[in-house]
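Shown below: entry-v9.txt, with compact mmCIF, C-alpha atoms.
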```txt
# COMPACT_ATOMS: atom_id res chain seq x y z
CA MET A 1 96.75 94.21 122.73
CA ALA A 2 93.65 92.55 121.34
CA ASN A 3 92.16 93.51 117.99
CA ARG A 4 89.58 96.27 118.24
CA THR A 5 86.48 96.89 116.16
CA PRO A 6 86.98 100.10 114.15
CA ARG A 7 84.29 102.72 114.53
CA PRO A 8 81.92 103.13 111.58
CA ILE A 9 82.50 106.18 109.41
CA PRO A 10 80.26 108.89 110.89
CA ALA A 11 77.49 110.30 108.74
CA HIS A 12 78.25 113.78 107.40
CA PRO A 13 75.97 116.06 105.35
CA ASP A 14 78.78 116.89 102.92
CA VAL A 15 80.13 113.38 102.37
CA ILE A 16 78.65 110.49 100.37
CA ILE A 17 80.19 107.03 100.87
CA ASP A 18 79.83 105.10 97.62
CA ALA A 19 81.73 101.94 98.62
CA GLU A 20 83.70 100.58 101.55
CA ARG A 21 85.59 97.31 101.83
CA ARG A 22 88.06 95.78 104.25
CA ALA A 23 91.33 95.07 102.42
CA TRP A 24 93.20 93.79 105.48
CA SER A 25 91.92 92.50 108.81
CA GLY A 26 95.05 92.33 110.94
CA ARG A 27 95.66 94.04 114.26
CA PHE A 28 95.06 97.39 112.51
CA PRO A 29 92.58 96.93 109.64
CA LEU A 30 93.00 98.66 106.29
CA ASP A 31 89.83 99.90 104.60
CA VAL A 32 89.39 101.06 100.99
CA VAL A 33 86.75 103.77 100.78
CA THR A 34 85.26 105.38 97.67
CA PHE A 35 83.53 108.65 98.46
CA ARG A 36 82.47 112.07 97.21
CA ASN A 37 82.67 115.25 99.27
CA ARG A 38 81.24 118.75 98.99
CA ARG A 39 83.79 121.07 97.38
CA PHE A 40 84.34 124.64 98.57
CA ASP A 41 82.44 125.89 95.49
CA GLY A 42 79.37 123.90 96.61
CA ALA A 43 79.56 121.15 93.98
CA LEU A 44 80.17 117.48 94.75
CA SER A 45 83.65 116.21 93.99
CA ALA A 46 84.40 113.40 91.60
CA PRO A 47 84.71 110.01 93.35
CA HIS A 48 87.87 109.54 95.41
CA THR A 49 89.23 106.15 96.49
CA TRP A 50 91.40 106.26 99.59
CA GLU A 51 93.00 103.64 101.79
CA VAL A 52 92.40 104.32 105.49
CA TRP A 53 94.48 102.58 108.14
CA ARG A 54 92.15 102.08 111.12
CA ARG A 55 94.36 102.58 114.19
CA GLY A 56 91.82 104.29 116.44
CA GLN A 57 92.60 106.48 119.44
CA ALA A 58 95.85 106.81 121.35
CA VAL A 59 96.97 108.67 124.46
CA ALA A 60 100.30 110.37 125.17
CA MET A 61 101.70 112.48 127.98
CA LEU A 62 104.49 114.97 128.51
CA PRO A 63 105.74 114.19 132.04
CA TYR A 64 106.94 117.44 133.62
CA ASP A 65 108.57 118.02 137.03
CA PRO A 66 107.99 121.69 137.88
CA ALA A 67 110.30 121.65 140.90
CA ALA A 68 113.25 120.33 138.87
CA ASP A 69 112.03 122.12 135.69
CA ALA A 70 112.65 118.89 133.82
CA VAL A 71 110.80 116.61 131.42
CA VAL A 72 111.03 112.83 131.29
CA LEU A 73 111.06 111.29 127.81
CA ILE A 74 111.59 107.83 126.39
CA GLU A 75 113.71 106.49 123.56
CA GLN A 76 112.88 103.42 121.50
CA PHE A 77 113.52 101.86 118.09
CA ARG A 78 110.89 102.53 115.40
CA LEU A 79 111.17 100.65 112.10
CA PRO A 80 108.97 103.11 110.14
CA ALA A 81 111.38 105.92 111.06
CA LEU A 82 114.20 103.91 109.51
CA VAL A 83 112.08 103.28 106.41
CA ALA A 84 111.51 107.05 106.20
CA GLY A 85 115.26 107.71 106.30
CA LEU A 86 115.33 109.03 109.87
CA ASP A 87 117.30 107.93 112.91
CA PRO A 88 115.20 104.94 114.05
CA VAL A 89 115.77 105.61 117.76
CA LEU A 90 113.16 108.25 118.47
CA VAL A 91 112.74 110.55 121.46
CA GLU A 92 109.08 110.24 122.45
CA CYS A 93 106.48 110.87 125.11
CA PRO A 94 105.08 107.79 126.85
CA ALA A 95 102.03 106.74 124.86
CA GLY A 96 99.75 103.88 123.96
CA LEU A 97 96.62 102.89 122.08
CA LEU A 98 93.28 102.87 123.84
CA GLU A 99 91.50 99.59 124.35
CA GLU A 100 87.80 99.50 123.47
CA ASN A 101 85.76 101.71 125.84
CA GLU A 102 88.85 102.45 127.96
CA ASP A 103 89.02 105.67 129.96
CA PRO A 104 91.82 107.83 128.44
CA GLU A 105 93.22 109.02 131.77
CA ALA A 106 93.31 105.47 133.13
CA ALA A 107 95.05 104.32 129.96
CA MET A 108 97.59 107.11 130.29
CA ALA A 109 98.31 106.19 133.90
CA ARG A 110 98.91 102.58 132.79
CA GLU A 111 101.28 103.57 129.99
CA LEU A 112 103.21 105.95 132.24
CA GLN A 113 103.78 103.16 134.75
CA GLU A 114 104.71 100.56 132.14
CA GLU A 115 107.07 102.76 130.14
CA MET A 116 108.64 104.84 132.93
CA GLY A 117 107.67 103.43 136.30
CA LEU A 118 106.19 106.86 137.15
CA THR A 119 102.88 108.19 138.43
CA ALA A 120 101.39 111.58 137.55
CA ASP A 121 99.55 113.21 140.45
CA ARG A 122 98.09 115.90 138.20
CA MET A 123 97.06 115.85 134.54
CA GLU A 124 96.05 118.54 132.05
CA ARG A 125 94.60 117.93 128.59
CA VAL A 126 96.63 119.61 125.85
CA GLY A 127 94.45 118.63 122.88
CA ASN A 128 93.41 115.94 120.38
CA TYR A 129 95.51 115.58 117.23
CA ILE A 130 95.21 113.46 114.10
CA LEU A 131 98.62 112.06 113.24
CA SER A 132 98.39 111.24 109.53
CA ALA A 133 95.26 112.79 108.05
CA GLY A 134 96.10 111.55 104.56
CA GLY A 135 96.02 107.88 105.44
CA ALA A 136 95.10 106.89 109.02
CA ASP A 137 92.30 107.59 111.48
CA GLU A 138 94.57 107.63 114.56
CA VAL A 139 93.85 110.52 116.91
CA CYS A 140 96.17 111.15 119.85
CA LEU A 141 94.76 112.56 123.09
CA LEU A 142 97.71 114.51 124.47
CA TYR A 143 98.18 115.38 128.13
CA ALA A 144 100.76 117.01 130.34
CA GLY A 145 101.33 115.41 133.72
CA ARG A 146 103.08 116.41 136.93
CA VAL A 147 105.69 113.87 138.02
CA ASP A 148 108.72 113.61 140.25
CA ALA A 149 111.61 113.17 137.83
CA PRO A 150 113.60 110.00 138.61
CA LEU A 151 117.27 109.97 139.51
CA ALA A 152 119.46 110.01 136.41
CA ASP A 153 123.14 109.72 135.59
CA GLY A 154 125.26 112.47 134.06
CA ALA A 155 123.81 111.77 130.61
CA GLY A 156 120.26 111.95 131.92
CA LEU A 157 119.65 108.20 131.70
CA ALA A 158 117.19 106.96 134.31
CA GLY A 159 116.73 103.28 133.49
CA ALA A 160 115.17 100.77 131.11
CA PHE A 161 111.47 99.88 131.04
CA GLY A 162 108.82 98.27 128.86
CA LEU A 163 106.73 95.09 128.93
CA ALA A 164 108.71 91.94 128.25
CA ALA A 165 105.51 90.28 126.98
CA GLU A 166 105.32 92.90 124.21
CA ASN A 167 109.08 92.79 123.52
CA GLU A 168 109.39 96.47 124.46
CA ASP A 169 112.84 97.98 124.86
CA ILE A 170 112.47 101.48 126.29
CA ARG A 171 115.14 103.82 127.64
CA VAL A 172 114.15 106.69 129.93
CA ARG A 173 116.00 109.99 129.96
CA VAL A 174 115.52 113.13 132.06
CA TRP A 175 115.95 116.39 130.17
CA PRO A 176 116.23 119.93 131.55
CA ALA A 177 113.12 121.59 130.15
CA ASP A 178 115.04 124.34 128.35
CA LYS A 179 117.27 121.81 126.55
CA ALA A 180 114.33 119.64 125.49
CA ILE A 181 112.43 122.67 124.17
CA ALA A 182 115.53 123.86 122.32
CA ALA A 183 115.97 120.43 120.73
CA ALA A 184 112.34 120.45 119.55
CA LEU A 185 112.60 123.97 118.15
CA ALA A 186 115.81 123.00 116.31
CA GLY A 187 114.07 120.03 114.66
CA ARG A 188 116.13 117.40 116.49
CA ILE A 189 113.06 115.67 117.97
CA THR A 190 111.34 114.09 114.99
CA ASN A 191 108.46 112.37 116.77
CA VAL A 192 105.58 114.76 116.10
CA ILE A 193 103.75 114.28 119.40
CA ALA A 194 106.91 114.82 121.47
CA ALA A 195 107.78 117.93 119.46
CA LEU A 196 104.23 119.28 119.74
CA ALA A 197 104.17 118.65 123.49
CA LEU A 198 107.43 120.53 123.93
CA PHE A 199 106.20 123.44 121.82
CA TRP A 200 103.16 123.56 124.12
CA LEU A 201 105.42 123.45 127.18
CA ALA A 202 107.43 126.37 125.83
CA SER A 203 104.26 128.49 126.00
CA GLN A 204 102.93 127.08 129.29
CA ARG A 205 106.09 126.46 131.31
CA ASP A 206 105.94 129.58 133.50
CA ARG A 207 102.27 128.95 134.28
CA LEU A 208 102.86 125.30 135.15
CA ARG A 209 105.80 126.14 137.40
CA ALA A 210 103.64 128.62 139.27
CA GLU A 211 100.51 126.47 139.50
CA TRP A 212 101.96 122.99 139.89
CA ARG A 213 104.51 123.91 142.54
CA THR A 214 101.86 125.29 144.88
CA THR A 215 98.98 122.80 144.60
```

Can I see the file as structure tokens?
Amino acid sequence: MANRTPRPIPAHPDVIIDAERRAWSGRFPLDVVTFRNRRFDGALSAPHTWEVWRRGQAVAMLPYDPAADAVVLIEQFRLPALVAGLDPVLVECPAGLLEENEDPEAAMARELQEEMGLTADRMERVGNYILSAGGADEVCLLYAGRVDAPLADGAGLAGAFGLAAENEDIRVRVWPADKAIAAALAGRITNVIAALALFWLASQRDRLRAEWRTT
């Protein structure tokens, strides 16, 4: 993916930007920002200096098959999870970063095909979520999508995917919806977007099975 130009910090009536400099200009720039913000008591704060990792917008989807009552999730190695002391092979939703001016639904369709070989014939927006508000500007646009779950073996494995050009190594697994939700509720799915998507599914599953099986 090509480098993208980070969006300027939006003007806000309760924020004063005193200084801003680019400390790193790699694929994801790192900015150092000194600012003051309006406190809850009405006064301006003392100056803060924060580093902000400029990752931009991402899309993710929970692929759900209402006929099979199953979700399709991916597994891949994540070095930062290892650094954090977690199992580095994470269970995740298919996801990707948006290119400049890219339509989110088109981007999600691309990522779903690249990472799973699937197509969603119906999509529903779940919400927009900031992933690390203390240090990065990345906001994930989360969807649920109706898919036909692929054939899987007894362990739920349904194949390997990913772009060779990006050195991706992705394993696809089909989960019964109740087991995936139970795993998220028990804290066994540590990727926050996957867990959030499954929490959402727990509350919307009956509705989706009724609506998505008839239209």

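Each of A:Pro29, A:Gly56, A:Gly42, A:Pro6 was checked against Ser132 (chain A) using all atoms listed in the file; the smallest atom-to-atom distance is that of A:Gly56.
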
- request: Pick out the residues sitting within 8 Å of region 61-63 of chain A, and hand them over as number ranges by chain; count all atoms listed in the file, and ignore anything fewer than 5 positions along from it in its own chain.
  value: A: 71-73, 93-95, 108, 112, 120, 142-147, 194, 197-198

task: Using all atoms listed in the file, determine which residues lie at most 10 Å from Gly96 (chain A), disregarding the query and same-chain residues fewer than 5 positions distant; provide the list as a list in words.
output: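 Counting all atoms listed in the file, the residues come to Gln57, Ala58, Val59, Ala60, Met61, Pro104, Ala107, Met108, Arg110, Glu111, Leu112, Glu115 and Cys140 of chain A.
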
query: What does the distance between CA of Arg36 (chain A) and CA of Ile16 (chain A) come to in Å, to one decimal place?
result: 5.2 Å

task: Taking (83.1, 102.9, 98.4) in the file's own coordinates, collect the residues within 10 Å, counting all atoms listed in the file, and hand them back as a list of chain:residue names.
output: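 Residues lying no farther than 10 Å from the given point: A:Ile16, A:Ile17, A:Asp18, A:Ala19, A:Glu20, A:Arg21, A:Asp31, A:Val32, A:Val33, A:Thr34, A:Phe35, A:Arg36, A:Pro47, A:His48, A:Thr49, A:Trp50.
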
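Of the residues listed (A:Ile74, A:Ala109, A:Val139, A:Leu131), A:Ile74 shows the shortest atom-to-atom separation from Gly162 (chain A); distances use only C-alpha atoms.
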
- request: Have a look at A:Leu201, A:Leu44, A:Leu163, A:Val192 and name the one nearest to Ile130 (chain A); count all atoms listed in the file.
  value: A:Val192

message: What's around Ala81 (chain A) at 10 Å? Count only C-alpha atoms, leave out sequence neighbours fewer than 6 positions away in its own chain, and write the answer as a PyMOL selection string.
response: chain A and resi 87-90+190-191

- prompt: Of the candidates A:Arg27, A:Arg38, A:Arg55, A:Arg173, which shows the shortest atom-to-atom distance to Glu75 (chain A), using only C-alpha atoms?
  reply: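 Result for the nearest residue to Glu75 (chain A): A:Arg173.
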
statement: Atom pair CA of Trp24 (chain A) + CA of Arg7 (chain A), distance 15.5 Å

query: What is the CA of Arg125 (chain A)-CA of Asp103 (chain A) distance in Å, reported with one decimal?
result: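 Separating CA of Arg125 (chain A) from CA of Asp103 (chain A) is a distance of 13.5 Å.
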
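For the residues A:Gln76, A:Glu102, A:Val174, A:Ala46, ranking by smallest atom-to-atom distance to Phe161 (chain A) using only C-alpha atoms places A:Gln76 first.
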
task: May I ask which of the residues A:Ala106, A:Ala165, A:Ala43, A:Ala70 is the closest one to Asp14 (chain A), counting only C-alpha atoms?
output: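 Among A:Ala106, A:Ala165, A:Ala43, A:Ala70, it is A:Ala43 that comes nearest to Asp14 (chain A).
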